[in-house]
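Visitor: Sharing a structure here in structure tokens format.
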Amino acid sequence: MKIVCVILAAGLGKRMNSAVPKVLHRICGVPMLQSVINTARKLKPEKIVVVAGKHIDMLKKTVAADDVLFVRQKKAKGTAHALASARQALKNFRNVIIVMNGDSPLVTDDTIRRFLKLHLRGRNSVSVISFTAVDPSSYGRIVRSDSGKVLSIVEEKDADRMQKNIHEVNSGVYAINHDALCLLDDIKMNSAKGEYYLTDIVALSSKKGLKTAAFCIGSDDEFMGVNTREELSRASQLMKKNIINKWIGKGVSFLDPQTVFVHYDVHIGRDTTIYPNVFLEGNTKIGRGTTIYPNVRVKDGFIGSNVVIKDSSVIEGSTIKDRASIGPFAHIRPGSEIGNEARIGNFVELKKAVIGRMSKASHLSYLGDAKIGERVNIGAGTITCNYDGERKHSTIIDNGVFVGSDSQLIAPLRIGKGAYIGAGSTITKDVPPSALALSRVVQKNIMDWAKKRSGMKNKMSKSRNKK
């Protein structure tokens, strides 16, 4: 069945008290509008149309894609007017239009598929998803006849006393056959708000004798709309719970799920264990059997299988290959790559550094703009001095090199295969393979200096006491 998804995203969201359009506020790392687009995309529609208002350029910049068409609602005249703004984009379409809301990011494709099947099975012209709300006061009520036939949707401010007691409410998701779009022309402006309500299409369809239905298949949580910061926070918590439960079902262990934050696009392999206070952000991908200890943050990282990331480490835009070990307190900055079985230890910072297989930098080092081969040992306190005040330069360290502690490697520089760098050296020139490079001042021992210093201190102390 061919469908088109129309997403209404023209609302200003004044209650968010923000310069950012409401639908671009993020939950679990994704703008709300993007989350709705992702859901629509899973339905494999012929087209996705986003109706936007004055912020259309900002929306395009943030969520633009080849399969998404943006149309402008020139004036904010309500949801029916918003859908009417998309009619030109739908003029050659002859099947079902699914209408969704850009501020309802928790709706699932499974629910909409079920809804579409019910709509088609009933041969309806207009259908809407409804649900039973614990507190219905902010929703339009589904009004039915004694026989259960849907008559209308009545908004809270227009509802009488009996209607306000109805707990079956409108989700805002509609299925409308293309030949029922003409009903939009008959919707009258609500005089109190100066807007055209899409909810009125249900009453019009019913009165004209078209098959009209409301399917009560939704839930309060799934169809919550986000209009305030408080609702944004609640939606984020609900989505986070859904995401974590999904990964638990796929064989991932969370020691304290409530304290872990996992973004929408993160992928986690089976048998991975995640400790408390871990943040997995962006497009992070994690392999199987990896262990991530507390207070770790990974953003846009590719983490292999059987990796260990120890406490309080940060990994950004980098690759950690299988069986590597990171941290504790390591900072892996963007553009870095850690090879198989390599070890990056405590208080080590990398920036655009490639670390070869089984190499290790265990303590207190900075390695930037460096390419380091296999089985290299980087001693504690080593620094690649990659910036000359104007340009960045590269350091290349070939396989099997041993760099002693407290060494400064002044780029551009290459250290040949199997070479040794003596501890405390400042290396400014290339080092040949298998060579030992040293750059130390000759050690000078001044005999009895400590005794003489002690004697001088005693004399000075006695002199002060006499005064």
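Letters for chains follow the order of the structure tokens (A, B, ...), residue numbers begin at 1 for each chain, and ligand numbers begin at 1 in the order shown.
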Could the residues of stretch 98-151 of chain A that have an atom at most 8 Å from stretch 9-32 of chain A be listed as JSON lines, each with its closest atom pair and the distance in Å to one decimal, counting only C-alpha atoms and ordered by chain and ascending residue number?
Guide:
```
{"residue": "A:Asn101", "atom": "CA", "partner": "A:Ala9", "partner_atom": "CA", "distance": 6.5}
{"residue": "A:Gly102", "atom": "CA", "partner": "A:Ala9", "partner_atom": "CA", "distance": 4.8}
{"residue": "A:Asp103", "atom": "CA", "partner": "A:Val23", "partner_atom": "CA", "distance": 5.5}
{"residue": "A:Ser104", "atom": "CA", "partner": "A:Met32", "partner_atom": "CA", "distance": 7.3}
{"residue": "A:Pro105", "atom": "CA", "partner": "A:Met32", "partner_atom": "CA", "distance": 5.3}
```
Visitor: Skipping near chain neighbours, those fewer than 6 positions away, what residues fall within 10 Å of A:Trp247 using only C-alpha atoms, listed as a VMD selection string?
Guide: chain A and resid 253 to 254 262 266 to 270 272
Visitor: Using 6 Å as the limit and counting only C-alpha atoms, can you tabulate each residue of stretch 217-291 of chain A that touches stretch 302-309 of chain A, with its shortest atom-to-atom distance in Å and the two atoms involved, as a Markdown table?
Guide:
```
| residue | atom | partner | partner_atom | distance |
| --- | --- | --- | --- | --- |
| A:Thr284 | CA | A:Phe302 | CA | 5.8 |
| A:Lys285 | CA | A:Phe302 | CA | 4.9 |
| A:Ile286 | CA | A:Ile303 | CA | 4.6 |
| A:Gly287 | CA | A:Ser305 | CA | 4.2 |
| A:Arg288 | CA | A:Ser305 | CA | 4.6 |
| A:Gly289 | CA | A:Asn306 | CA | 4.7 |
| A:Thr290 | CA | A:Asn306 | CA | 4.2 |
| A:Thr291 | CA | A:Val308 | CA | 5.0 |
```
Visitor: Please produce an output containing N, CA and C atoms for each residue in the selection, written as a CSV table (one decimal), in the first residue's frame.
Guide:
```csv
chain,number,residue,atom,x,y,z
A,284,THR,N,27.6,6.6,18.0
A,284,THR,CA,28.5,5.6,18.6
A,284,THR,C,28.1,4.2,18.2
A,285,LYS,N,29.1,3.4,17.9
A,285,LYS,CA,28.8,2.0,17.6
A,285,LYS,C,29.8,1.2,18.5
A,286,ILE,N,29.2,0.2,19.2
A,286,ILE,CA,30.0,-0.6,20.2
A,286,ILE,C,29.9,-2.1,19.8
A,287,GLY,N,31.0,-2.8,19.8
A,287,GLY,CA,31.0,-4.2,19.4
A,287,GLY,C,30.5,-5.1,20.6
A,288,ARG,N,30.8,-6.4,20.4
A,288,ARG,CA,30.4,-7.4,21.4
A,288,ARG,C,31.4,-7.6,22.5
A,289,GLY,N,30.8,-7.9,23.7
A,289,GLY,CA,31.7,-8.2,24.8
A,289,GLY,C,32.5,-7.1,25.4
A,290,THR,N,32.2,-5.9,25.1
A,290,THR,CA,33.0,-4.8,25.6
A,290,THR,C,32.5,-4.4,27.0
A,291,THR,N,33.4,-3.9,27.8
A,291,THR,CA,33.0,-3.4,29.2
A,291,THR,C,33.3,-1.9,29.3
```
Visitor: At a cut-off of 9 Å, using only C-alpha atoms, what residues contact A:Val143? Leave out same-chain residues fewer than 5 positions from it and give the result as a list in words.
Guide: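 What passes the distance filter is Gly148, Lys149, Val150, Leu151, Ser152, Ile153, Val154, Gln163, Ile166, Glu168 and Val169 of chain A.
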Visitor: Please report the interatomic distance between atom CA of A:Gly416 and atom CA of A:Arg343 in Å with one decimal.
Guide: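 Distance reported for this atom pair: 21.2 Å.
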Visitor: DSSP on the backbone: which residues in stretch 242-396 of chain A end up as strand (DSSP E)? Give the answer as a PyMOL selection string.
Guide: chain A and resi 253-254+261-262+267-268+273-274+279-281+285-286+291-292+297-299+302-303+308-309+314-316+319-320+325-326+331-332+337-338+343-346+349-355+360-363+366-372+377-378+383-385+395-396
Visitor: With C-alpha atoms retained, write the just-selected residues as a PDB file, in the first residue's frame.
Guide:
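Contents of the output file out_39.pdb:
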```
ATOM      1  CA  SER A 253      23.834  -5.648  30.481  1.00  0.00           C
ATOM      2  CA  PHE A 254      23.252  -2.326  32.299  1.00  0.00           C
ATOM      3  CA  PHE A 261      22.133   7.804  28.807  1.00  0.00           C
ATOM      4  CA  VAL A 262      22.038   6.250  25.345  1.00  0.00           C
ATOM      5  CA  HIS A 267      24.363   0.634  18.463  1.00  0.00           C
ATOM      6  CA  ILE A 268      25.549  -1.796  21.172  1.00  0.00           C
ATOM      7  CA  THR A 273      28.406  -4.561  30.023  1.00  0.00           C
ATOM      8  CA  ILE A 274      27.742  -0.923  30.870  1.00  0.00           C
ATOM      9  CA  PHE A 279      26.912   8.532  28.302  1.00  0.00           C
ATOM     10  CA  LEU A 280      26.794   7.022  24.814  1.00  0.00           C
ATOM     11  CA  GLU A 281      26.118   9.808  22.338  1.00  0.00           C
ATOM     12  CA  LYS A 285      28.834   1.951  17.629  1.00  0.00           C
ATOM     13  CA  ILE A 286      30.006  -0.635  20.171  1.00  0.00           C
ATOM     14  CA  THR A 291      33.032  -3.408  29.165  1.00  0.00           C
ATOM     15  CA  ILE A 292      32.462   0.291  29.861  1.00  0.00           C
ATOM     16  CA  ARG A 297      31.432   9.488  27.799  1.00  0.00           C
ATOM     17  CA  VAL A 298      31.627   8.278  24.191  1.00  0.00           C
ATOM     18  CA  LYS A 299      30.457  10.511  21.351  1.00  0.00           C
ATOM     19  CA  PHE A 302      33.480   3.271  16.931  1.00  0.00           C
ATOM     20  CA  ILE A 303      34.338   0.811  19.696  1.00  0.00           C
ATOM     21  CA  VAL A 308      37.739  -2.263  28.080  1.00  0.00           C
ATOM     22  CA  ILE A 309      37.055   1.429  28.710  1.00  0.00           C
ATOM     23  CA  VAL A 314      36.208  10.523  27.223  1.00  0.00           C
ATOM     24  CA  ILE A 315      36.220   9.293  23.620  1.00  0.00           C
ATOM     25  CA  GLU A 316      35.147  11.588  20.781  1.00  0.00           C
ATOM     26  CA  THR A 319      37.993   4.343  16.649  1.00  0.00           C
ATOM     27  CA  ILE A 320      38.984   1.822  19.324  1.00  0.00           C
ATOM     28  CA  SER A 325      42.145  -0.967  26.755  1.00  0.00           C
ATOM     29  CA  ILE A 326      41.429   2.721  27.474  1.00  0.00           C
ATOM     30  CA  HIS A 331      40.913  11.610  26.712  1.00  0.00           C
ATOM     31  CA  ILE A 332      40.693  10.359  23.134  1.00  0.00           C
ATOM     32  CA  GLU A 337      42.508   5.354  16.089  1.00  0.00           C
ATOM     33  CA  ILE A 338      43.591   2.814  18.691  1.00  0.00           C
ATOM     34  CA  ARG A 343      46.674   0.192  25.759  1.00  0.00           C
ATOM     35  CA  ILE A 344      46.042   3.837  26.512  1.00  0.00           C
ATOM     36  CA  GLY A 345      46.376   4.442  30.224  1.00  0.00           C
ATOM     37  CA  ASN A 346      45.562   6.984  32.888  1.00  0.00           C
ATOM     38  CA  GLU A 349      45.447  12.491  25.837  1.00  0.00           C
ATOM     39  CA  LEU A 350      45.355  11.714  22.120  1.00  0.00           C
ATOM     40  CA  LYS A 351      44.439  14.030  19.235  1.00  0.00           C
ATOM     41  CA  LYS A 352      44.429  12.769  15.627  1.00  0.00           C
ATOM     42  CA  ALA A 353      46.769  10.006  16.722  1.00  0.00           C
ATOM     43  CA  VAL A 354      46.952   6.516  15.223  1.00  0.00           C
ATOM     44  CA  ILE A 355      48.195   3.912  17.681  1.00  0.00           C
ATOM     45  CA  LYS A 360      50.945   1.258  24.751  1.00  0.00           C
ATOM     46  CA  ALA A 361      51.015   4.686  26.311  1.00  0.00           C
ATOM     47  CA  SER A 362      50.310   3.933  29.925  1.00  0.00           C
ATOM     48  CA  HIS A 363      50.757   7.179  31.836  1.00  0.00           C
ATOM     49  CA  TYR A 366      50.053  13.821  25.139  1.00  0.00           C
ATOM     50  CA  LEU A 367      50.204  12.385  21.614  1.00  0.00           C
ATOM     51  CA  GLY A 368      48.879  14.679  18.892  1.00  0.00           C
ATOM     52  CA  ASP A 369      49.122  14.467  15.081  1.00  0.00           C
ATOM     53  CA  ALA A 370      51.052  11.239  15.491  1.00  0.00           C
ATOM     54  CA  LYS A 371      51.235   7.945  13.654  1.00  0.00           C
ATOM     55  CA  ILE A 372      52.582   5.256  15.943  1.00  0.00           C
ATOM     56  CA  ASN A 377      56.171   1.711  24.179  1.00  0.00           C
ATOM     57  CA  ILE A 378      55.500   5.350  25.037  1.00  0.00           C
ATOM     58  CA  ILE A 383      54.790  14.728  24.572  1.00  0.00           C
ATOM     59  CA  THR A 384      54.613  15.099  20.814  1.00  0.00           C
ATOM     60  CA  CYS A 385      55.217  18.806  20.308  1.00  0.00           C
ATOM     61  CA  THR A 395      55.325  12.701  14.361  1.00  0.00           C
ATOM     62  CA  ILE A 396      55.838   9.216  12.904  1.00  0.00           C
TER      63      ILE A 396
END
```
Visitor: Between atom CA of A:Ser205 and atom CA of A:Ala84, what is the distance, to one decimal in Å?
Guide: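 A separation of 16.0 Å between them.
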Visitor: What's around A:Leu210 at 10 Å? Count only C-alpha atoms, leave out sequence neighbours fewer than 6 positions away in its own chain, and write the answer as a PyMOL selection string.
Guide: chain A and resi 123-126+180+202+204
Visitor: Grab the atom CA of A:Thr228 to atom CA of A:Arg41 distance for me, in Å with one decimal place.
Guide: 26.3 Å
Visitor: Between A:Met447, A:Lys211, A:Leu409, A:Met189, which residue has the minimum interatomic distance to A:Asp430, considering only C-alpha atoms?
Guide: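 Ranking A:Met447, A:Lys211, A:Leu409, A:Met189 by distance to A:Asp430, first place goes to A:Leu409.
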